[in-house]
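**Student:** Would you mind keeping the following structure in view while I ask a few things?
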Amino acid sequence: MAEYLLRTLRCRNANVPGVFGRLASAVGAAGANLGDIRTVWVGPDHIVRDIDIIVDDEPTLDRAIAAARGIEGIDLLEVIDDVHELHIDGKIEVVPTHAVRTLHDLRRVYTPGVAEVARTIARNPEESYLYTIRGKSVAIVTNGTRVLGLGNVGPLAALPVMEGKAALLHQFARLSSSTRATPTRSSPR
């Protein structure tokens with residue numbers, strides 16, 4: 001199964017027609033597909049660009065990097081793994097809808113005021129759709145056995161995929177979500 005790795009090559013090239021074209025051709029010949037290309041800086045002598053490449057595996061990535069380094073007029077400044085950087089600390093968070101700045105706020109959001117709302121819901125559970133996040137939330141649950149074409153990666157390795165789904169649901173359907181990997185019997189607790 002292909003790994004499909006995404007990396008960003010930050011390259012400085014001479015501000016001369018054709019230099020970037022040679023870079024693109026060499027990286028493509030090494031087996032990489034070009035993705036987004038963003039201009040970072042333009043000067044009279046040089047241009048700095050971030051070039052996203054997509055490769056099938058580590059050996060292809062190594063060949064593409066070597067190809068970029070081998071082009072005259074190109075300086076490969078950095079190979080950026082912004083996929084891993086983006087996932088640091090996860091992709092989702094839980095934030096309150098009302099700030100708690102004062103004692104007045106605390107008494108309404110938590111105690112003693114919250115007891116009144118809890119009793120309302122206890123009397124009529126359907127009120128939970130009005131007074132809680134329940135009506136606009138979804139749970140994304142996995143034990144990690146069948147994850148997005150990756151197969152059985154386990155519950156912890158499945159979390160980044162579940163967080164991605166949660167981010168998409170929030171962005172496009174305005175649903176808040178809780179991601180949770182359900183431990184299997186063989187999983188350590």
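Naming scheme: A, B, ... for chains in displayed order of the structure tokens; residues 1 onward per chain; ligands 1 onward as shown.
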If you run DSSP on this backbone, which residues of chain A come out as strand (DSSP E), and could you give them as a PyMOL selection string?
**Tutor:** chain A and resi 5-14+33-42+46-55+74-80+137-142+176-181
**Student:** Give me, please, the distance in Å between CA of Val138 (chain A) and CA of Glu93 (chain A), quoted to one decimal.
**Tutor:**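 Taking CA of Val138 (chain A) and CA of Glu93 (chain A), their separation equals 14.2 Å.
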**Student:** List the neighbours of region 32-45 of chain A out to 10 Å using only C-alpha atoms; skip same-chain residues closer than 5 positions along the sequence, and give me the result as an NGL selection string.
**Tutor:** :A and (5-16 or 24-27 or 50-57 or 60-61 or 63-65)
**Student:** Excluding Arg134 (chain A) and any residue of its chain fewer than 5 positions from it, enumerate the residues within 10 Å of it, using only C-alpha atoms, and give them as a list in words.
**Tutor:**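 My list of contacting residues is Glu126, Glu127, Ser128, Tyr129, Leu175, Ser176 and Ser177 of chain A.
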**Student:** Go ahead and write the residues just picked, N, CA, C and O atoms, as a PDB file, in the first residue's frame.
**Tutor:**
```pdb
ATOM      1  N   GLU A 126     -36.101  15.605  26.650  1.00  0.00           N
ATOM      2  CA  GLU A 126     -36.042  16.263  25.341  1.00  0.00           C
ATOM      3  C   GLU A 126     -35.500  17.685  25.447  1.00  0.00           C
ATOM      4  O   GLU A 126     -34.986  18.233  24.469  1.00  0.00           O
ATOM      5  N   GLU A 127     -35.604  18.288  26.631  1.00  0.00           N
ATOM      6  CA  GLU A 127     -35.074  19.647  26.827  1.00  0.00           C
ATOM      7  C   GLU A 127     -33.545  19.676  26.689  1.00  0.00           C
ATOM      8  O   GLU A 127     -32.956  20.739  26.528  1.00  0.00           O
ATOM      9  N   SER A 128     -32.920  18.497  26.748  1.00  0.00           N
ATOM     10  CA  SER A 128     -31.462  18.462  26.605  1.00  0.00           C
ATOM     11  C   SER A 128     -31.024  18.983  25.233  1.00  0.00           C
ATOM     12  O   SER A 128     -29.914  19.504  25.090  1.00  0.00           O
ATOM     13  N   TYR A 129     -31.887  18.859  24.230  1.00  0.00           N
ATOM     14  CA  TYR A 129     -31.557  19.393  22.906  1.00  0.00           C
ATOM     15  C   TYR A 129     -31.507  20.921  22.913  1.00  0.00           C
ATOM     16  O   TYR A 129     -30.781  21.530  22.132  1.00  0.00           O
ATOM     17  N   LEU A 175     -21.176  21.005  13.381  1.00  0.00           N
ATOM     18  CA  LEU A 175     -21.372  20.065  14.468  1.00  0.00           C
ATOM     19  C   LEU A 175     -20.132  20.085  15.348  1.00  0.00           C
ATOM     20  O   LEU A 175     -19.007  20.109  14.853  1.00  0.00           O
ATOM     21  N   SER A 176     -20.324  20.076  16.647  1.00  0.00           N
ATOM     22  CA  SER A 176     -19.205  19.904  17.562  1.00  0.00           C
ATOM     23  C   SER A 176     -19.073  18.420  17.792  1.00  0.00           C
ATOM     24  O   SER A 176     -20.027  17.678  17.702  1.00  0.00           O
ATOM     25  N   SER A 177     -17.880  17.993  18.096  1.00  0.00           N
ATOM     26  CA  SER A 177     -17.720  16.557  18.218  1.00  0.00           C
ATOM     27  C   SER A 177     -16.741  16.195  19.303  1.00  0.00           C
ATOM     28  O   SER A 177     -15.893  16.968  19.704  1.00  0.00           O
TER      29      SER A 177
END
```
**Student:** State, in Å with one decimal place, the distance from CA of Glu78 (chain A) to CA of Pro17 (chain A).
**Tutor:**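 Separating CA of Glu78 (chain A) from CA of Pro17 (chain A) is a distance of 22.4 Å.
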**Student:** With only C-alpha atoms as the basis for distance, which of A:Gly73, A:Pro96, A:Pro59, A:Gly28 is at the shortest distance from Ile133 (chain A)?
**Tutor:** A:Pro96
**Student:** Give me, as a tab-separated table, each residue of region 84-139 of chain A that comes within 12 Å of region 159-162 of chain A, together with its shortest interatomic pair and the distance in Å at one decimal, counting only C-alpha atoms, with rows ordered by chain and rising residue number.
**Tutor:**
```
residue	atom	partner	partner_atom	distance
A:His84	CA	A:Pro160	CA	10.2
A:Leu86	CA	A:Pro160	CA	10.5
A:His87	CA	A:Pro160	CA	7.4
A:Ile88	CA	A:Pro160	CA	10.0
A:Asp89	CA	A:Pro160	CA	10.3
A:Gly90	CA	A:Pro160	CA	7.1
A:Lys91	CA	A:Pro160	CA	7.8
A:Ile92	CA	A:Pro160	CA	9.8
A:Val138	CA	A:Met162	CA	11.7
A:Ala139	CA	A:Met162	CA	9.7
```
**Student:** Here is a test: counting only C-alpha atoms, which residue of A:Lys165, A:Arg108, A:Arg174, A:Arg101 is nearest to Gly135 (chain A)?
**Tutor:**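 Among the listed residues, A:Arg174 lies closest to Gly135 (chain A).
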**Student:** Name the residues of region 11-120 of chain A that fall into helix (DSSP H, G or I) according to DSSP on the backbone, using the chain letters and numbers of this document, as a PyMOL selection string.
**Tutor:** chain A and resi 19-29+58-69+82-87+103-109+113-120
**Student:** Would you kindly return, as a PyMOL selection string, each protein, DNA or RNA residue with an atom no farther than 10 Å from any atom of Ala99 (chain A), considering only C-alpha atoms and excluding same-chain residues fewer than 5 positions away?
**Tutor:** chain A and resi 105-106+109
**Student:** So how far away is CA of Leu103 (chain A) from CA of Ala115 (chain A), in Å?
**Tutor:** 16.2 Å
**Student:** Please determine, counting only C-alpha atoms, which residue among A:Leu156, A:Ile121, A:Ala166, A:Val48 has the shortest atom-to-atom distance to Val94 (chain A).
**Tutor:** A:Ala166
